[in-house]
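K.L.:
Sharing structure_23.cif, mmCIF, C-alpha atoms:
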```
data_coords
#
loop_
_atom_site.group_PDB
_atom_site.id
_atom_site.type_symbol
_atom_site.label_atom_id
_atom_site.label_comp_id
_atom_site.auth_asym_id
_atom_site.auth_seq_id
_atom_site.Cartn_x
_atom_site.Cartn_y
_atom_site.Cartn_z
ATOM 1 C CA MET A 1 12.464 -2.871 -10.944
ATOM 2 C CA SER A 2 10.428 -5.911 -9.979
ATOM 3 C CA PRO A 3 7.596 -5.439 -7.476
ATOM 4 C CA GLU A 4 7.387 -8.113 -4.821
ATOM 5 C CA ALA A 5 4.452 -9.238 -2.730
ATOM 6 C CA GLY A 6 4.495 -7.982 0.828
ATOM 7 C CA SER A 7 3.724 -10.194 3.805
ATOM 8 C CA SER A 8 1.242 -8.495 6.048
ATOM 9 C CA ALA A 9 -0.942 -9.995 8.765
ATOM 10 C CA LYS A 10 -3.684 -7.458 8.022
ATOM 11 C CA PRO A 11 -6.460 -8.403 5.605
ATOM 12 C CA PRO A 12 -5.786 -7.055 2.117
ATOM 13 C CA THR A 13 -7.003 -3.580 1.341
ATOM 14 C CA ARG A 14 -9.467 -3.496 -1.571
ATOM 15 C CA ILE A 15 -8.650 -0.816 -4.120
ATOM 16 C CA LEU A 16 -10.478 0.225 -7.259
ATOM 17 C CA PHE A 17 -8.297 2.126 -9.747
ATOM 18 C CA VAL A 18 -10.309 4.313 -12.129
ATOM 19 C CA CYS A 19 -9.523 6.222 -15.277
ATOM 20 C CA VAL A 20 -11.585 7.031 -18.327
ATOM 21 C CA GLU A 21 -10.690 4.194 -20.717
ATOM 22 C CA ASN A 22 -9.259 1.588 -18.283
ATOM 23 C CA ALA A 23 -6.664 0.867 -20.963
ATOM 24 C CA GLY A 24 -3.429 2.141 -19.403
ATOM 25 C CA ARG A 25 -2.851 3.754 -16.012
ATOM 26 C CA SER A 26 -5.534 1.926 -14.073
ATOM 27 C CA GLN A 27 -4.549 -1.427 -15.597
ATOM 28 C CA MET A 28 -0.917 -0.913 -14.562
ATOM 29 C CA ALA A 29 -1.936 0.184 -11.058
ATOM 30 C CA GLU A 30 -4.212 -2.827 -10.604
ATOM 31 C CA ALA A 31 -1.450 -5.220 -11.645
ATOM 32 C CA PHE A 32 1.136 -3.632 -9.330
ATOM 33 C CA ALA A 33 -1.319 -3.517 -6.420
ATOM 34 C CA LYS A 34 -2.115 -7.207 -6.777
ATOM 35 C CA ARG A 35 1.605 -8.004 -6.913
ATOM 36 C CA LEU A 36 2.052 -6.041 -3.662
ATOM 37 C CA GLY A 37 -0.695 -7.914 -1.822
ATOM 38 C CA PHE A 38 -3.771 -5.748 -2.307
ATOM 39 C CA GLU A 39 -7.109 -6.956 -3.570
ATOM 40 C CA ALA A 40 -7.481 -4.740 -6.611
ATOM 41 C CA MET A 41 -9.524 -4.117 -9.680
ATOM 42 C CA SER A 42 -9.661 -1.394 -12.271
ATOM 43 C CA ALA A 43 -12.382 0.154 -14.361
ATOM 44 C CA GLY A 44 -13.171 3.072 -16.596
ATOM 45 C CA THR A 45 -15.978 5.519 -17.072
ATOM 46 C CA MET A 46 -15.851 5.037 -20.859
ATOM 47 C CA PRO A 47 -13.811 1.841 -21.350
ATOM 48 C CA ALA A 48 -11.725 1.254 -24.458
ATOM 49 C CA SER A 49 -12.078 -1.935 -26.452
ATOM 50 C CA ARG A 50 -8.670 -3.234 -25.331
ATOM 51 C CA VAL A 51 -5.684 -2.481 -23.144
ATOM 52 C CA ASN A 52 -3.150 -0.211 -24.837
ATOM 53 C CA PRO A 53 -0.676 -2.615 -26.528
ATOM 54 C CA VAL A 54 2.309 -0.394 -25.648
ATOM 55 C CA VAL A 55 1.234 -0.571 -21.983
ATOM 56 C CA VAL A 56 1.109 -4.370 -22.333
ATOM 57 C CA SER A 57 4.698 -4.319 -23.643
ATOM 58 C CA ALA A 58 5.929 -2.003 -20.885
ATOM 59 C CA MET A 59 4.386 -4.200 -18.198
ATOM 60 C CA ARG A 60 5.882 -7.367 -19.693
ATOM 61 C CA GLU A 61 9.287 -5.712 -19.253
ATOM 62 C CA VAL A 62 8.752 -5.905 -15.471
ATOM 63 C CA GLY A 63 7.369 -9.442 -15.561
ATOM 64 C CA ILE A 64 3.656 -8.644 -15.497
ATOM 65 C CA ASP A 65 1.326 -9.653 -18.324
ATOM 66 C CA VAL A 66 -1.806 -7.521 -18.675
ATOM 67 C CA GLY A 67 -2.369 -8.666 -22.259
ATOM 68 C CA ASP A 68 -5.463 -10.689 -21.386
ATOM 69 C CA SER A 69 -7.012 -7.932 -19.267
ATOM 70 C CA LYS A 70 -10.174 -6.336 -20.586
ATOM 71 C CA PRO A 71 -11.222 -2.732 -19.943
ATOM 72 C CA LYS A 72 -14.313 -2.675 -17.732
ATOM 73 C CA LEU A 73 -17.067 -0.157 -17.047
ATOM 74 C CA MET A 74 -17.070 1.151 -13.477
ATOM 75 C CA ASN A 75 -20.265 0.320 -11.600
ATOM 76 C CA ASN A 76 -21.865 0.674 -8.167
ATOM 77 C CA GLN A 77 -20.823 -2.806 -7.048
ATOM 78 C CA MET A 78 -17.149 -2.046 -7.697
ATOM 79 C CA VAL A 79 -17.329 1.187 -5.714
ATOM 80 C CA GLU A 80 -19.137 -0.515 -2.816
ATOM 81 C CA TRP A 81 -16.562 -3.355 -2.806
ATOM 82 C CA ALA A 82 -13.582 -0.990 -2.597
ATOM 83 C CA ASP A 83 -12.047 0.411 0.583
ATOM 84 C CA PHE A 84 -10.450 3.119 -1.593
ATOM 85 C CA VAL A 85 -11.084 4.436 -5.100
ATOM 86 C CA VAL A 86 -7.963 5.809 -6.756
ATOM 87 C CA THR A 87 -8.515 8.142 -9.682
ATOM 88 C CA MET A 88 -5.534 8.240 -11.979
ATOM 89 C CA GLY A 89 -5.567 11.883 -13.051
ATOM 90 C CA CYS A 90 -8.707 11.887 -15.091
ATOM 91 C CA SER A 91 -11.816 13.864 -14.340
ATOM 92 C CA VAL A 92 -14.324 11.200 -13.364
ATOM 93 C CA GLU A 93 -16.552 13.996 -12.064
ATOM 94 C CA GLU A 94 -17.358 14.946 -15.645
ATOM 95 C CA VAL A 95 -18.542 11.498 -16.694
ATOM 96 C CA CYS A 96 -19.842 9.741 -13.561
ATOM 97 C CA PRO A 97 -23.515 9.798 -12.535
ATOM 98 C CA ALA A 98 -24.166 11.831 -9.372
ATOM 99 C CA PRO A 99 -25.116 8.872 -7.092
ATOM 100 C CA LEU A 100 -21.875 7.095 -8.008
ATOM 101 C CA LEU A 101 -19.873 10.277 -7.393
ATOM 102 C CA GLU A 102 -21.353 10.544 -3.912
ATOM 103 C CA LYS A 103 -20.190 7.008 -3.072
ATOM 104 C CA ILE A 104 -16.742 7.660 -4.534
ATOM 105 C CA SER A 105 -16.201 10.995 -2.757
ATOM 106 C CA ARG A 106 -16.088 9.332 0.658
ATOM 107 C CA LYS A 107 -13.147 7.112 -0.196
ATOM 108 C CA VAL A 108 -11.313 8.702 -3.105
ATOM 109 C CA ILE A 109 -7.563 9.106 -3.495
ATOM 110 C CA ARG A 110 -6.576 11.358 -6.392
ATOM 111 C CA TRP A 111 -3.395 10.724 -8.335
ATOM 112 C CA ASP A 112 -2.402 13.104 -11.092
ATOM 113 C CA ILE A 113 -0.693 10.750 -13.535
ATOM 114 C CA GLU A 114 -0.109 11.492 -17.193
ATOM 115 C CA ASP A 115 -2.252 9.539 -19.677
ATOM 116 C CA PRO A 116 -0.148 7.042 -21.673
ATOM 117 C CA LYS A 117 -2.555 7.061 -24.616
ATOM 118 C CA GLY A 118 -0.684 7.727 -27.863
ATOM 119 C CA LYS A 119 2.695 7.966 -26.126
ATOM 120 C CA PRO A 120 5.891 6.134 -27.145
ATOM 121 C CA ILE A 121 7.205 3.294 -24.996
ATOM 122 C CA GLU A 122 9.849 5.528 -23.374
ATOM 123 C CA ASP A 123 7.120 7.763 -21.950
ATOM 124 C CA ILE A 124 4.994 4.781 -20.936
ATOM 125 C CA ARG A 125 7.955 3.285 -19.050
ATOM 126 C CA ARG A 126 8.280 6.536 -17.095
ATOM 127 C CA ILE A 127 4.519 6.568 -16.385
ATOM 128 C CA ARG A 128 4.680 2.879 -15.366
ATOM 129 C CA ASN A 129 7.479 3.656 -12.912
ATOM 130 C CA VAL A 130 5.537 6.574 -11.400
ATOM 131 C CA ILE A 131 2.521 4.301 -10.919
ATOM 132 C CA LEU A 132 4.661 1.608 -9.289
ATOM 133 C CA GLU A 133 6.091 4.141 -6.830
ATOM 134 C CA LYS A 134 2.604 5.466 -5.982
ATOM 135 C CA VAL A 135 1.329 1.930 -5.350
ATOM 136 C CA ARG A 136 4.386 1.202 -3.189
ATOM 137 C CA GLU A 137 3.694 4.390 -1.182
ATOM 138 C CA LEU A 138 0.109 3.270 -0.718
ATOM 139 C CA ALA A 139 1.302 -0.161 0.468
ATOM 140 C CA ALA A 140 3.723 1.430 2.943
ATOM 141 C CA SER A 141 0.967 3.614 4.407
ATOM 142 C CA ARG A 142 -1.530 0.858 5.193
#
```
Mind converting the file's structure to structure tokens?
P.N.:
Amino acid sequence: MSPEAGSSAKPPTRILFVCVENAGRSQMAEAFAKRLGFEAMSAGTMPASRVNPVVVSAMREVGIDVGDSKPKLMNNQMVEWADFVVTMGCSVEEVCPAPLLEKISRKVIRWDIEDPKGKPIEDIRRIRNVILEKVRELAASR
């Protein structure tokens, strides 16, 4: 299950993947999106101190190392940069300031993906595979 970069003549789509801690789902999505030719970044509304180590292991299994990635706080510049903002199944509405929510609402894609926090590697592999398929669907639709 190795993602491969696509060859498209169109300029890359810029995607911001957002979840609360930016320690699991959004990190995986960013990595897959970059592998598939998107310009991508990820961020959180309340970032963790590090990427979930079990997520790091699961991603290494598919040849992607997110071990050096650092969770980041979502900001206005990231939202303005992005063509699309993909929320990963978390309720950013509860933790985002209103002006940022207004910017996001015009370009948001909502994915309802289970949070890998505290889950065993078997569950994280399943979540990883769901994220890869969603990113592939997004690539096919552009």
K.L.:
For atom CA of Ile131 of chain A and atom CA of Arg14 of chain A, quote the distance in Å rounded to one decimal.
P.N.:
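Computing the Euclidean distance for atom CA of Ile131 of chain A and atom CA of Arg14 of chain A yields 17.1 Å.
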K.L.:
Pick out the residues sitting within 8 Å of Ser26 of chain A, and hand them over as a short mmCIF file (atom, residue, chain, number, x, y, z; two decimals) with C-alpha atoms, in the frame of the given file; count only C-alpha atoms, and ignore anything fewer than 3 positions along from it in its own chain.
P.N.:
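Listing of around-v3.cif after writing:
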```
data_model
loop_
_atom_site.label_atom_id
_atom_site.label_comp_id
_atom_site.auth_asym_id
_atom_site.auth_seq_id
_atom_site.Cartn_x
_atom_site.Cartn_y
_atom_site.Cartn_z
CA PHE A 17 -8.30 2.13 -9.75
CA VAL A 18 -10.31 4.31 -12.13
CA CYS A 19 -9.52 6.22 -15.28
CA ASN A 22 -9.26 1.59 -18.28
CA ALA A 23 -6.66 0.87 -20.96
CA ALA A 29 -1.94 0.18 -11.06
CA GLU A 30 -4.21 -2.83 -10.60
CA SER A 42 -9.66 -1.39 -12.27
CA ALA A 43 -12.38 0.15 -14.36
CA MET A 88 -5.53 8.24 -11.98
#
```
K.L.:
Taking the file as I've supplied it (selection: the PyMOL selection byres ((chain A and resi 135) around 12)), which residues are included? Please answer as an MDAnalysis selection string.
P.N.:
chainID A and resid 3:5 15 17 25:26 28:38 40 86 88 109 111 128:134 136:142
K.L.:
Could you jot down the atom CA of Asp83 of chain A to atom CA of Leu16 of chain A separation for me, Å, one decimal place?
P.N.:
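Computing it gives 8.0 Å between the two atoms.
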K.L.:
For each of A:Gly24, A:Gly44, A:Pro71, A:Gly63, take the minimum atom-to-atom distance to Asp115 of chain A, counting all atoms listed in the file, then give the residue where this is smallest.
P.N.:
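With all atoms listed in the file as the atom set, the closest residue is A:Gly24.
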K.L.:
Which residues match the PyMOL selection byres ((chain A and resi 58) around 12) in the file above, as a ChimeraX atom specification?
P.N.:
/A:1,24-25,27-28,51-57,59-67,116,119-129
K.L.:
Have a look at atom CA of Ser69 of chain A and atom CA of Thr87 of chain A and let me know their distance in Å, one decimal.
P.N.:
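Going from atom CA of Ser69 of chain A over to atom CA of Thr87 of chain A covers 18.8 Å.
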K.L.:
Pick from A:Pro12, A:Gly118, A:Arg110, A:Thr45: nearest to Asn75 of chain A, with all atoms listed in the file counted?
P.N.:
A:Thr45
K.L.:
Nearest residue to Met74 of chain A out of A:Glu39, A:Val20, A:Glu114, A:Val108, using all atoms listed in the file?
P.N.:
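Checking each candidate against Met74 of chain A, we get A:Val20 as the closest.
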K.L.:
Using all atoms of segment 28-46 of chain A listed in the file and a margin of 3 Å per side, can you give the axis-aligned box centre and edge lengths in Å to one decimal, as AutoDock Vina command-line options?
P.N.:
```
--center_x -7.0 --center_y -1.2 --center_z -11.3 --size_x 24.0 --size_y 19.5 --size_z 25.0
```
K.L.:
Restricting the calculation to all atoms listed in the file: of A:Lys107, A:Glu21, A:Arg50, A:Lys117, which residue gets closest to Leu73 of chain A?
P.N.:
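Of A:Lys107, A:Glu21, A:Arg50, A:Lys117, the one nearest Leu73 of chain A is A:Glu21, counting all atoms listed in the file.
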